[in-house]
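Enquirer: Sending over a structure as structure tokens; questions will come in a sec.
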Amino acid sequence: MTTPVPHDPHNRPSHDPHRPSETAGPVVRTTAGAVRGRREDGLAVFRGIPFADPPVGEARFAAPRPVRAWDGTQEAYEFGPPPPQEAGIQGRTGMPTGPLGDDWLTLNVWTPDPDASARRPVMVWIYGGAYKLGHSGQPGYDAQRIARDGDVVVVTFNYRVGMEGFARIEGAPANRGLLDQVAALEWVRENITEFGGDPGQVTVFGESAGAGSVASLLSMPRARGLFRRAMAQSVPGTYFSDELARDMATALAAEAGLRPTVADLSAVDPRRLTDAGQALSAKMLQYQDRWGRAAPTVTPFSPVVDGEVLPTTPWQALASGAARDIDLVVGHNRDEFRLFLVLGGMLGKITDGRATEALRLFAPGGEAGERAYRAAFPEASPTELYERVHTDWLFGIPTLRLAEAQLMGGGRAHVYELTWPAPGNGGVLGACHGLDIPLLFGTFGADLGNLLFMGAEVPAEATELSSRFRRSWTAFARTGEPGWPEYDAERRLVQVLDVAPEVVAYPEDRSRKLWEGHDFGPLPLVGG
């Protein structure tokens with residue numbers, strides 16, 4: 001008599017525990033049920049493990065709900081489906097590939113050995129993508145080299161982006177994407193021991209919107225105690241006030257002919273709502289009189305300082321001591337905004353008038369800020385001034401300020417700057433936004449790496465710098481020390497990552513001085 005296969009609430013392949021398995025992959029029991037992974041190049045790899053129930057039906061736009069238990073052994077061979085999202089930008093994510101479905105909230109584990117006695121450091125990656133793109137199954141986030149080189153357990157996971165995760169919808173909690181991240185970290189706390197990890201040695205790390213998520217988690221009461229260390233790579237300075245986020249949600253819903261309420265939006269297919277987000281992104285500059293500096297970012301999604309899920313901005317939270325017990329590494333790339341100039345076909349084409357507009361909009365002090373930038377960078381062309389103020393406002397200074405806030409709150413921080421230039425596209429991209437991803441993961445031919453190394457052989461210096469990234473990142477996860485001195489307000493020592501890495505005083509000191517005294521508060525609704 002054949003034993004029936006148990007029902008799997010996530011509609012994934014399951015094995016009868018009384019029947020021999022067709023594969024010899026490792027099996028680990030989680031709090032919800034057993035999962036079987038694969039052996040790959042000396043690692044045990046588990047993909048697509050649910051950490052929360054699918055956020056659909058009556059769970060749509062709600063906080064993540066505990067995953068339902070299953071019987072038998074679930075195959076954890078494939079990445080879970082990406083959350084609904086826009087098409088992406090060239091070289092960044094593109095259209096999500098892989099399985100489609102509603103079970104977006106899944107995670108993946110790379111471990112040297114799923115032995116509960118191993119107690120290895122755990123590194124939890126949070127992807128970026130302007131809070132509207134990205135998923136953990138992207139080839140550029142293949143964590144095998146980090147896990148193998150550093151002898152650590154690596155976890156990556158999906159979280160809701162765009163309308164599903166960050167739109168400020170009436171009747172729904174704010175920052176649902178951040179709440180998904182907390183749920184993933186709670187899963188790590190409850191289950192990672194069985195995969196060979198130490199739940200008391202968890203490091204969160206992320207880039208761009210992933211770094212903004214890390215900064216948010218440092219600030220969130222709901223995330224306290226879920227990680228010991230944090231690494232934030234290129235922290236965006238964009239956090240929305242509640243008023244701004246609600247106004248944007250009204251415009252988003254209007255693109256679909258609806259109101260920004262759970263009742264209206266939950267009746268619409270999630271993938272149709274991505275069209276509304278993409279349509280609004282394309283015309284945000286029309287809203288500059290209402291949305292101010294948020295409009296040129298062309299993304300209507302960011303963490304919302306709602307007073308509950310995210311009580312304050314990360315800079316205010318850290319300065320008040322919210323993360324003083326968390327070891328912190330922060331850093332940015334020298335030429336962050338160059339990527340967007342090249343993708344937009346604007347490199348070398350910015351007029352002096354357009355540079356003036358950007359300087360007056362983004363530099364602290366308006367017209368006085370413009371004059372100060374021109375005085376500080378007298379040799380800069382209009383394109384260079386335009387790039388400099390965007391780099392400073394969007395990534396560079398917010399990142400540095402996070403370290404300064406951590407010190408002010410009684411904590412410790414290490415700071416780095418990546419200055420090695422990407423070799424692709426004739427070398428015009430410089431040390432641009434996102435270059436740290438292929439260097440850290442060693443995925444030069446995937447996702448953004450395709451663009452940054454396009455038309456160029458991967459030079460030996462890139463391979464060495466990539467190894468250095470992993471050595472420093474995993475050493476920090478293990479010890480709290482990345483291999484260079486702490487940042488302080490007197491010496492301002494920073495690790496410069498280049499062909500010949502060196503520790504120097506913060507290299508962008510002209511920019512730092514221009515922004516002294518500026519407060520990165522929530523972006524306001526400026527008209528309406």
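By convention in this document, the chains of the structure tokens carry letters A, B, ... by their order, each chain's residues are numbered from 1, and ligands are numbered from 1 in the order they are shown.
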Counting only C-alpha atoms, which residues of stretch 371-478 of chain A sit at most 12 Å from some atom of stretch 287-301 of chain A, and what is each one's closest atom pair with its distance in Å to one decimal, listed by chain and rising residue number, as JSON lines?
Expert:
{"residue": "A:His390", "atom": "CA", "partner": "A:Thr297", "partner_atom": "CA", "distance": 10.0}
{"residue": "A:Trp393", "atom": "CA", "partner": "A:Arg293", "partner_atom": "CA", "distance": 10.0}
{"residue": "A:Leu394", "atom": "CA", "partner": "A:Thr297", "partner_atom": "CA", "distance": 8.9}
Enquirer: Please write the residues from the selection above to a file, keeping all heavy atoms, as a PDB file, in the first residue's frame.
Expert:
ATOM      1  N   HIS A 390      25.026  64.970  -6.509  1.00  0.00           N
ATOM      2  CA  HIS A 390      24.134  63.811  -6.427  1.00  0.00           C
ATOM      3  C   HIS A 390      24.767  62.684  -5.612  1.00  0.00           C
ATOM      4  O   HIS A 390      24.096  62.057  -4.778  1.00  0.00           O
ATOM      5  CB  HIS A 390      23.790  63.298  -7.831  1.00  0.00           C
ATOM      6  CG  HIS A 390      22.654  64.018  -8.480  1.00  0.00           C
ATOM      7  ND1 HIS A 390      22.828  65.167  -9.223  1.00  0.00           N
ATOM      8  CD2 HIS A 390      21.315  63.764  -8.510  1.00  0.00           C
ATOM      9  CE1 HIS A 390      21.657  65.578  -9.683  1.00  0.00           C
ATOM     10  NE2 HIS A 390      20.730  64.751  -9.259  1.00  0.00           N
ATOM     11  N   TRP A 393      24.703  63.856  -1.869  1.00  0.00           N
ATOM     12  CA  TRP A 393      23.376  63.926  -1.247  1.00  0.00           C
ATOM     13  C   TRP A 393      22.725  62.556  -1.111  1.00  0.00           C
ATOM     14  O   TRP A 393      22.114  62.237  -0.091  1.00  0.00           O
ATOM     15  CB  TRP A 393      22.455  64.838  -2.070  1.00  0.00           C
ATOM     16  CG  TRP A 393      21.039  64.809  -1.579  1.00  0.00           C
ATOM     17  CD1 TRP A 393      20.543  65.430  -0.470  1.00  0.00           C
ATOM     18  CD2 TRP A 393      19.937  64.106  -2.165  1.00  0.00           C
ATOM     19  NE1 TRP A 393      19.194  65.164  -0.329  1.00  0.00           N
ATOM     20  CE2 TRP A 393      18.807  64.352  -1.354  1.00  0.00           C
ATOM     21  CE3 TRP A 393      19.790  63.305  -3.301  1.00  0.00           C
ATOM     22  CZ2 TRP A 393      17.546  63.819  -1.641  1.00  0.00           C
ATOM     23  CZ3 TRP A 393      18.537  62.767  -3.585  1.00  0.00           C
ATOM     24  CH2 TRP A 393      17.440  63.034  -2.759  1.00  0.00           C
ATOM     25  N   LEU A 394      22.874  61.740  -2.157  1.00  0.00           N
ATOM     26  CA  LEU A 394      22.122  60.492  -2.192  1.00  0.00           C
ATOM     27  C   LEU A 394      22.797  59.363  -1.429  1.00  0.00           C
ATOM     28  O   LEU A 394      22.115  58.554  -0.798  1.00  0.00           O
ATOM     29  CB  LEU A 394      21.900  60.085  -3.652  1.00  0.00           C
ATOM     30  CG  LEU A 394      20.878  58.983  -3.928  1.00  0.00           C
ATOM     31  CD1 LEU A 394      19.534  59.294  -3.287  1.00  0.00           C
ATOM     32  CD2 LEU A 394      20.717  58.775  -5.427  1.00  0.00           C
TER      33      LEU A 394
END
Enquirer: Go through stretch 208-439 of chain A and collect every residue that DSSP, computed from the backbone, puts in strand (DSSP E); the answer should be as a list in words.
Expert: Arg229, Ala230, Met231, Ala232, Gln233, Phe240, Ser241, Val304, Val305, Asp327, Leu328, Val329, Val330, Gly331, His332, Asn333, Ala413, His414, Val415, Tyr416, Glu417 and Leu418 of chain A
Enquirer: Mind writing the picked residues with C-alpha atoms as a CSV table (one decimal), in the first residue's frame?
Expert:
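See result.csv below for the written result:
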chain,number,residue,atom,x,y,z
A,229,ARG,CA,26.6,43.3,13.7
A,230,ALA,CA,25.7,45.4,10.6
A,231,MET,CA,27.3,46.4,7.4
A,232,ALA,CA,25.7,49.1,5.2
A,233,GLN,CA,27.1,49.6,1.7
A,240,PHE,CA,9.9,59.7,3.5
A,241,SER,CA,7.8,61.6,6.0
A,304,VAL,CA,8.5,55.8,5.9
A,305,VAL,CA,9.1,57.5,9.2
A,327,ASP,CA,29.2,46.7,15.7
A,328,LEU,CA,28.9,48.7,12.5
A,329,VAL,CA,30.7,49.0,9.1
A,330,VAL,CA,29.6,51.6,6.6
A,331,GLY,CA,31.0,52.7,3.3
A,332,HIS,CA,30.4,54.1,-0.1
A,333,ASN,CA,31.9,54.2,-3.6
A,413,ALA,CA,32.0,52.2,13.6
A,414,HIS,CA,34.4,51.4,10.8
A,415,VAL,CA,34.3,53.3,7.5
A,416,TYR,CA,35.5,52.4,4.0
A,417,GLU,CA,35.5,54.0,0.5
A,418,LEU,CA,35.8,52.0,-2.7
Enquirer: List the neighbours of A:Ala477 out to 10 Å using only C-alpha atoms; skip same-chain residues closer than 2 positions along the sequence, and give me the result as a PyMOL selection string.
Expert: chain A and resi 120-123+150+152+201-205+228-231+327+471-475+479-482
Enquirer: Counting only C-alpha atoms, which of A:Tyr141, A:Trp515, A:Tyr487, A:Trp125 gets nearest to A:Arg412?
Expert: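 Selected residue with least distance to A:Arg412: A:Tyr487.
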Enquirer: Please determine, counting only C-alpha atoms, which residue among A:Asn450, A:Asn191, A:Ser219, A:Gln316 has the shortest atom-to-atom distance to A:Glu404.
Expert: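 The closest residue to A:Glu404 is A:Gln316.
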Enquirer: Neighbours of stretch 263-279 of chain A within 10 Å (only C-alpha atoms; same-chain residues fewer than 5 positions away dropped), as a VMD selection string?
Expert: chain A and resid 56 to 61 83 to 88 102 132 161 to 164 167 169 to 171 249 251 to 258 284 298 to 301
Enquirer: Pick the closest to A:Val45 from A:Val214, A:Ala368, A:Ala363, A:Val27: which is it, counting only C-alpha atoms?
Expert: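 Looking only at the distances to A:Val45, the closest residue turns out to be A:Val27.
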Enquirer: What is the distance, in Å and to one decimal place, between atom CA of A:Phe441 and atom CA of A:Leu497?
Expert: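 Straight-line distance from atom CA of A:Phe441 to atom CA of A:Leu497 works out to 15.4 Å.
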